[in-house]
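Engineer: So here's input31.txt, just compact mmCIF, C-alpha atoms:
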```txt
# COMPACT_ATOMS: atom_id res chain seq x y z
CA MET A 875 -22.87 37.21 2.27
CA PHE A 876 -22.83 33.79 0.59
CA LEU A 877 -21.16 33.87 -2.85
CA CYS A 878 -21.02 31.12 -5.45
CA VAL A 879 -21.04 30.54 -9.22
CA PHE A 880 -24.26 29.19 -10.76
CA ARG A 881 -24.45 28.43 -14.49
CA GLY A 882 -21.42 30.60 -15.20
CA LYS A 883 -22.70 33.63 -13.27
CA LYS A 884 -21.71 34.91 -9.85
CA VAL A 885 -24.70 34.88 -7.51
CA CYS A 886 -24.83 35.92 -3.90
CA LEU A 887 -27.25 36.13 -1.00
CA SER A 888 -27.37 38.89 1.56
CA PHE A 889 -26.68 38.18 5.22
CA GLU A 890 -30.41 38.46 5.96
CA GLN A 891 -31.29 35.97 3.20
CA THR A 892 -28.63 33.52 4.38
CA LEU A 893 -29.90 33.80 7.97
CA PHE A 894 -33.46 33.22 6.72
CA LEU A 895 -32.39 30.04 4.93
CA ILE A 896 -30.55 28.73 8.00
CA THR A 897 -33.64 29.41 10.13
CA LEU A 898 -35.91 27.81 7.54
CA GLY A 899 -33.65 24.77 7.45
CA PHE A 900 -33.58 24.51 11.25
CA LEU A 901 -37.39 24.62 11.55
CA ALA A 902 -37.96 22.32 8.57
CA GLY A 903 -35.33 19.87 9.81
CA GLY A 904 -36.81 19.78 13.30
CA PHE A 905 -40.34 19.19 12.06
CA GLY A 906 -39.18 16.82 9.34
CA SER A 907 -37.32 14.55 11.74
CA ILE A 908 -40.26 14.47 14.17
CA ALA A 909 -42.81 13.68 11.46
CA GLY A 910 -40.47 11.58 9.28
CA VAL A 911 -41.02 13.73 6.20
CA GLY A 912 -37.54 15.16 5.81
CA GLY A 913 -38.42 18.84 5.79
CA GLY A 914 -38.67 18.98 2.01
CA ILE A 915 -42.44 19.36 2.26
CA ILE A 916 -41.74 22.76 3.86
CA ILE A 917 -38.60 23.84 2.01
CA THR A 918 -39.75 23.34 -1.60
CA PRO A 919 -42.96 25.41 -1.39
CA VAL A 920 -41.40 28.08 0.85
CA LEU A 921 -38.52 28.60 -1.59
CA ALA A 922 -40.95 28.73 -4.51
CA LEU A 923 -43.69 30.80 -2.86
CA PHE A 924 -41.78 33.25 -0.67
CA PHE A 925 -38.19 33.18 -1.97
CA HIS A 926 -39.22 33.16 -5.66
CA VAL A 927 -36.78 30.38 -6.55
CA PRO A 928 -37.66 28.51 -9.79
CA LEU A 929 -39.25 25.18 -8.93
CA ARG A 930 -36.53 22.93 -10.30
CA GLU A 931 -33.85 24.84 -8.37
CA ALA A 932 -36.03 24.74 -5.23
CA VAL A 933 -36.44 20.99 -5.64
CA ALA A 934 -32.68 20.48 -6.01
CA ALA A 935 -31.90 22.53 -2.87
CA SER A 936 -34.64 20.73 -0.96
CA LEU A 937 -33.21 17.33 -1.88
CA ALA A 938 -29.82 18.36 -0.48
CA ALA A 939 -31.56 19.39 2.76
CA VAL A 940 -33.48 16.09 2.92
CA ILE A 941 -30.19 14.17 2.76
CA ALA A 942 -28.96 16.19 5.76
CA THR A 943 -32.20 15.50 7.66
CA SER A 944 -31.90 11.77 7.07
CA THR A 945 -28.24 11.67 8.09
CA ALA A 946 -28.84 13.52 11.36
CA ALA A 947 -32.19 12.06 12.42
CA SER A 948 -31.72 8.44 11.39
CA SER A 949 -28.53 8.12 13.46
CA VAL A 950 -30.56 8.93 16.59
CA HIS A 951 -33.49 6.65 15.70
CA VAL A 952 -31.27 3.69 14.74
CA GLU A 953 -29.35 4.04 17.99
CA ARG A 954 -32.67 3.82 19.88
CA HIS A 955 -33.74 0.77 17.83
CA VAL A 956 -36.93 2.48 16.62
CA THR A 957 -36.09 2.18 12.91
CA ASP A 958 -37.24 -0.94 11.06
CA VAL A 959 -34.11 -1.33 8.91
CA ARG A 960 -35.36 -4.49 7.17
CA LEU A 961 -38.58 -2.77 6.09
CA ALA A 962 -36.64 0.30 4.95
CA MET A 963 -34.28 -1.71 2.74
CA THR A 964 -37.19 -3.61 1.20
CA LEU A 965 -39.18 -0.50 0.31
CA GLU A 966 -36.12 1.32 -1.02
CA LEU A 967 -35.88 -1.22 -3.86
CA THR A 968 -38.76 0.47 -5.68
CA THR A 969 -38.38 3.95 -4.19
CA THR A 970 -34.96 4.57 -5.72
CA ILE A 971 -36.18 3.43 -9.14
CA GLY A 972 -39.05 5.91 -9.01
CA ALA A 973 -36.77 8.70 -7.77
CA ALA A 974 -34.25 8.24 -10.58
CA ILE A 975 -36.87 8.10 -13.32
CA ALA A 976 -38.76 11.16 -12.03
CA ALA A 977 -35.59 13.25 -11.67
CA ILE A 978 -34.71 12.53 -15.31
CA VAL A 979 -38.15 13.36 -16.73
CA SER A 980 -38.59 16.45 -14.52
CA ALA A 981 -36.62 18.51 -17.06
CA TYR A 982 -39.45 17.96 -19.55
CA ILE A 983 -42.35 18.76 -17.20
CA SER A 984 -43.61 22.33 -16.71
CA HIS A 985 -43.44 24.05 -13.33
CA ARG A 986 -47.23 24.33 -13.33
CA ALA A 987 -47.69 20.58 -13.79
CA ILE A 988 -45.25 19.86 -10.94
CA ALA A 989 -47.12 22.28 -8.69
CA ILE A 990 -50.47 20.63 -9.50
CA ILE A 991 -49.03 17.20 -8.67
CA PHE A 992 -47.70 18.61 -5.39
CA VAL A 993 -51.11 20.03 -4.42
CA GLY A 994 -52.86 16.77 -5.28
CA PHE A 995 -50.67 14.58 -3.14
CA LEU A 996 -50.71 17.08 -0.25
CA LEU A 997 -54.50 17.12 -0.13
CA TYR A 998 -54.82 13.34 -0.49
CA SER A 999 -52.26 12.66 2.26
CA ALA A 1000 -53.90 15.18 4.59
CA TRP A 1001 -57.35 13.64 4.03
CA SER A 1002 -56.08 10.09 4.56
CA MET A 1003 -54.38 10.93 7.85
CA LEU A 1004 -57.32 13.02 9.08
CA LYS A 1005 -59.75 10.18 8.32
CA LYS A 1006 -57.49 7.76 10.17
CA GLN A 1007 -57.44 10.01 13.26
CA LEU A 1008 -61.19 10.71 13.22
CA HIS A 1009 -62.10 7.04 12.94
CA ALA A 1010 -59.51 5.75 15.39
CA THR A 1011 -61.05 3.85 18.27
CA LYS A 1012 -60.07 4.66 21.82
CA ALA A 1013 -58.33 1.30 22.11
CA ASN A 1014 -56.22 2.00 19.02
CA VAL A 1015 -55.29 5.45 20.28
CA VAL A 1016 -54.18 4.04 23.63
CA ALA A 1017 -52.19 1.27 21.94
CA GLU A 1018 -50.45 3.72 19.62
CA THR A 1019 -49.69 6.16 22.42
CA ASN A 1020 -48.36 3.42 24.71
CA TRP A 1021 -46.23 1.75 22.03
CA GLU A 1022 -42.62 1.37 23.18
CA VAL A 1023 -39.43 0.05 21.63
CA GLY A 1024 -39.50 -3.75 21.66
CA ASN A 1025 -43.29 -4.08 21.48
CA PRO A 1026 -44.29 -6.45 18.63
CA TYR A 1027 -46.18 -5.34 15.52
CA GLN A 1028 -47.09 -7.10 12.28
CA VAL A 1029 -46.03 -5.57 8.95
CA LYS A 1030 -48.60 -6.38 6.26
CA ASN A 1031 -49.42 -5.61 2.61
CA TYR A 1032 -45.84 -5.68 1.27
CA PRO A 1033 -46.96 -5.61 -2.41
CA ALA A 1034 -49.04 -2.47 -1.80
CA GLY A 1035 -46.19 -0.94 0.17
CA LEU A 1036 -43.72 -1.53 -2.66
CA GLY A 1037 -46.14 -0.05 -5.18
CA VAL A 1038 -46.76 3.07 -3.13
CA SER A 1039 -43.00 3.38 -2.49
CA LEU A 1040 -42.46 3.55 -6.26
CA ILE A 1041 -44.90 6.47 -6.36
CA ALA A 1042 -43.20 8.05 -3.33
CA GLY A 1043 -39.85 7.90 -5.08
CA SER A 1044 -41.35 9.48 -8.19
CA VAL A 1045 -42.90 12.29 -6.17
CA SER A 1046 -39.59 12.80 -4.39
CA GLY A 1047 -37.75 13.17 -7.66
CA LEU A 1048 -40.27 15.70 -8.95
CA LEU A 1049 -40.86 17.74 -5.79
CA GLY A 1050 -37.72 17.37 -3.68
CA ILE A 1051 -39.49 16.08 -0.58
CA GLY A 1052 -37.74 12.74 -0.06
CA GLY A 1053 -41.04 10.87 -0.33
CA GLY A 1054 -41.64 11.05 3.43
CA PRO A 1055 -45.14 12.60 3.25
CA ILE A 1056 -46.23 9.54 1.28
CA LYS A 1057 -44.09 6.89 3.02
CA VAL A 1058 -45.19 7.74 6.56
CA PRO A 1059 -48.96 7.59 5.89
CA MET A 1060 -48.43 4.49 3.71
CA MET A 1061 -46.54 2.54 6.39
CA TYR A 1062 -48.99 3.71 9.06
CA LEU A 1063 -52.28 3.32 7.17
CA ILE A 1064 -51.57 0.44 4.76
CA MET A 1065 -48.81 -1.64 6.33
CA GLY A 1066 -49.91 -1.40 9.97
CA VAL A 1067 -46.62 0.00 11.28
CA PRO A 1068 -46.80 2.10 14.49
CA LEU A 1069 -46.54 5.80 13.66
CA ARG A 1070 -43.36 6.27 15.68
CA VAL A 1071 -41.70 3.40 13.81
CA ALA A 1072 -43.02 4.73 10.49
CA THR A 1073 -41.50 8.18 11.07
CA ALA A 1074 -38.15 6.74 12.16
CA THR A 1075 -38.04 4.32 9.21
CA SER A 1076 -38.97 7.10 6.81
CA ASN A 1077 -36.13 9.26 8.14
CA PHE A 1078 -33.76 6.36 7.43
CA MET A 1079 -35.07 5.95 3.87
CA ILE A 1080 -35.44 9.51 2.62
CA GLY A 1081 -31.71 10.18 2.46
CA VAL A 1082 -31.18 7.38 -0.05
CA THR A 1083 -34.22 8.45 -2.04
CA ALA A 1084 -33.15 12.10 -2.11
CA ALA A 1085 -29.54 11.27 -3.02
CA THR A 1086 -30.70 9.30 -6.05
CA SER A 1087 -32.57 12.32 -7.43
CA ALA A 1088 -30.09 14.95 -6.22
CA LEU A 1089 -27.31 13.43 -8.34
CA VAL A 1090 -29.43 13.93 -11.45
CA TYR A 1091 -30.29 17.54 -10.55
CA TYR A 1092 -26.65 18.29 -9.72
CA GLY A 1093 -25.45 16.82 -13.00
CA ARG A 1094 -27.98 18.96 -14.86
CA GLY A 1095 -26.78 22.13 -13.10
CA ASP A 1096 -29.96 22.84 -11.11
CA LEU A 1097 -28.36 22.77 -7.64
CA ARG A 1098 -27.58 26.24 -6.27
CA LEU A 1099 -24.97 25.91 -3.54
CA ASP A 1100 -25.68 29.41 -2.21
CA ILE A 1101 -29.18 28.22 -1.30
CA ALA A 1102 -28.43 24.59 -0.41
CA GLY A 1103 -25.45 25.43 1.83
CA PRO A 1104 -27.30 27.51 4.48
CA LEU A 1105 -30.28 25.16 4.33
CA VAL A 1106 -28.12 22.13 5.11
CA VAL A 1107 -26.49 23.92 8.06
CA GLY A 1108 -29.90 24.67 9.60
CA VAL A 1109 -31.48 21.35 8.69
CA PHE A 1110 -28.72 19.26 10.25
CA SER A 1111 -29.00 21.05 13.61
CA GLY A 1112 -32.80 21.05 13.60
CA SER A 1113 -32.99 17.38 12.67
CA ILE A 1114 -30.85 16.26 15.61
CA LEU A 1115 -32.97 18.32 18.01
CA GLY A 1116 -36.22 17.04 16.49
CA ALA A 1117 -35.10 13.40 16.65
CA ARG A 1118 -34.31 13.73 20.36
CA LEU A 1119 -37.64 15.44 21.08
CA ALA A 1120 -39.74 12.96 19.07
CA PRO A 1121 -40.19 10.33 21.85
CA ARG A 1122 -41.67 12.99 24.14
CA ILE A 1123 -44.39 14.05 21.68
CA GLN A 1124 -47.66 12.11 21.41
CA THR A 1125 -48.23 10.65 17.95
CA LYS A 1126 -51.67 12.27 17.55
CA TYR A 1127 -50.07 15.70 17.81
CA ILE A 1128 -47.55 14.73 15.12
CA SER A 1129 -50.43 13.65 12.88
CA PHE A 1130 -52.47 16.82 13.33
CA LEU A 1131 -49.40 19.03 12.91
CA LEU A 1132 -48.58 17.30 9.64
CA ILE A 1133 -52.20 17.58 8.45
CA ALA A 1134 -52.34 21.31 9.25
CA LEU A 1135 -49.07 22.00 7.46
CA MET A 1136 -50.09 20.06 4.35
CA LEU A 1137 -53.41 21.93 4.16
CA TYR A 1138 -51.74 25.32 4.60
CA LEU A 1139 -49.12 24.71 1.91
CA SER A 1140 -51.66 23.26 -0.52
CA CYS A 1141 -53.83 26.37 -0.11
CA GLN A 1142 -50.83 28.61 -0.76
CA MET A 1143 -49.91 26.72 -3.91
CA ILE A 1144 -53.51 26.66 -5.16
CA TYR A 1145 -53.61 30.45 -4.75
CA LYS A 1146 -50.37 30.87 -6.69
CA LEU A 1147 -51.62 28.53 -9.41
CA ALA A 1148 -54.86 30.51 -9.69
CA THR A 1149 -53.00 33.80 -9.96
CA GLY A 1150 -50.55 32.53 -12.58
CA GLY A 1151 -47.60 32.26 -10.26
CA PHE A 1152 -46.24 29.07 -11.86
CA ARG A 1153 -45.30 28.95 -15.52
```
Would you write out, as structure tokens, the structure that this file holds?
Structural biologist:
Amino acid sequence: MFLCVFRGKKVCLSFEQTLFLITLGFLAGGFGSIAGVGGGIIITPVLALFFHVPLREAVAASLAAVIATSTAASSVHVERHVTDVRLAMTLELTTTIGAAIAAIVSAYISHRAIAIIFVGFLLYSAWSMLKKQLHATKANVVAETNWEVGNPYQVKNYPAGLGVSLIAGSVSGLLGIGGGPIKVPMMYLIMGVPLRVATATSNFMIGVTAATSALVYYGRGDLRLDIAGPLVVGVFSGSILGARLAPRIQTKYISFLLIALMLYLSCQMIYKLATGGFR
């Protein structure tokens, strides 16, 4: 049993609930580090849909888990020289601004509005990545699959990347996802970064983005340690495993896995919106 005090009241989780959160964190951390999305894209909707946690508390717990994902996964990717640290530091200039602003205004936005924003960006990201995969030429697929550390690539469209990073930070602050589901497609589709580099760079960035928002949620009293604690334990372990498995997985499988997950979660949230599940 995990016991803590939340907003002046003693709250506790059963052993089964704690084990569920650790398992959820492990799976989300493993997938998040492979896809570069931090696991928040899984944790926030699962806590809201299946654990019945209020959205703002789910977002706060998810942000804590995203920080753990970034810490564990980025250490592996940086050691392998896959992360583009210069690109990450440049994009974080606008991402952290968006994250801080969104975390502050989230207290004045309804749960239903946050859920609608979440569904919109999930569907758009899934469509963009699917279109990229369907229209990829054989030569591009081979080049992406055969990309190795040290191979040159040209980063382009910095102004667009900075603009989208501002949006990614805002979405992170509202939804607790670290901005990875927007940053990875943006670096891959707009800036011409190889998908493996994009996922590694996103893992490096999302911790800073999430920390910026998490401080605001913590100061406001939305962070439940009984939920965040088990999640972080699972996420940290899963992220290290996922980061070590990532080089062995073809990038097209990462793309389709991410697309499938985004479509599934968007459908679940649309159903809950239609049935009045978010207020």
Engineer: What's the 10 Å shell around range 948-954 of chain A, counting all atoms listed in the file, without same-chain residues fewer than 3 positions away, as a PyMOL selection string?
Structural biologist: chain A and resi 907+910+942-945+957-959+1023+1070-1071+1073-1081+1113-1118+1120-1121
Engineer: Just how far from CA of Glu966 in chain A is CA of Ala981 in chain A, in Å to one decimal?
Structural biologist: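 Computed distance, CA of Ala981 in chain A to CA of Glu966 in chain A, equals 23.5 Å.
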Engineer: As an exercise, work out the distance from CA of Ile1133 in chain A to CA of Thr897 in chain A in Å and give it to one decimal place.
Structural biologist: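 Taking CA of Ile1133 in chain A and CA of Thr897 in chain A, their separation equals 22.1 Å.
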Engineer: Could you pull the residues within 8 Å of Leu1036 in chain A, counting only C-alpha atoms, minus those fewer than 2 positions along the same chain, as a list in words?
Structural biologist: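 Counting only the stated atoms, we get Thr964, Leu965, Leu967, Thr968, Thr969, Tyr1032, Pro1033, Ala1034, Val1038, Ser1039 and Leu1040 of chain A.
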Engineer: What does the structure give for the distance between CA of Ile896 in chain A and CA of Val1109 in chain A, in Å to one decimal?
Structural biologist: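 Distance between the two atoms: 7.5 Å.
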Engineer: Using only C-alpha atoms, which residue out of A:Ala1148, A:Leu1132, A:Leu1048, A:Met1003 lies closest to Ile1064 in chain A?
Structural biologist: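 Closest candidate: A:Met1003.
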Engineer: Looking at A:Met1065, A:Ala946, A:Ala977, A:Ala922, which one is nearest to Val1090 in chain A, with distances taken over all atoms listed in the file?
Structural biologist: A:Ala977
Engineer: Let me make sure I understand: among A:Ala989, A:Val1067, A:Ile1051, A:Ala1088, which one has the smallest atom-to-atom distance to Ala934 in chain A if we use all atoms listed in the file?
Structural biologist: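 Closest candidate: A:Ala1088.
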Engineer: Taking (-57.1, 23.6, -0.2) in the file's coordinates as the center, which residues reach within 12 Å of it, counting all atoms listed in the file, put as a ChimeraX atom specification?
Structural biologist: /A:990,992-998,1000-1001,1133-1148
Engineer: Restricting the calculation to only C-alpha atoms, which member of A:Asn1031, A:Ser980, A:Ser936, A:Ser888 is positioned closest to Arg1098 in chain A?
Structural biologist: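 Nearest candidate to Arg1098 in chain A out of A:Asn1031, A:Ser980, A:Ser936, A:Ser888: A:Ser936.
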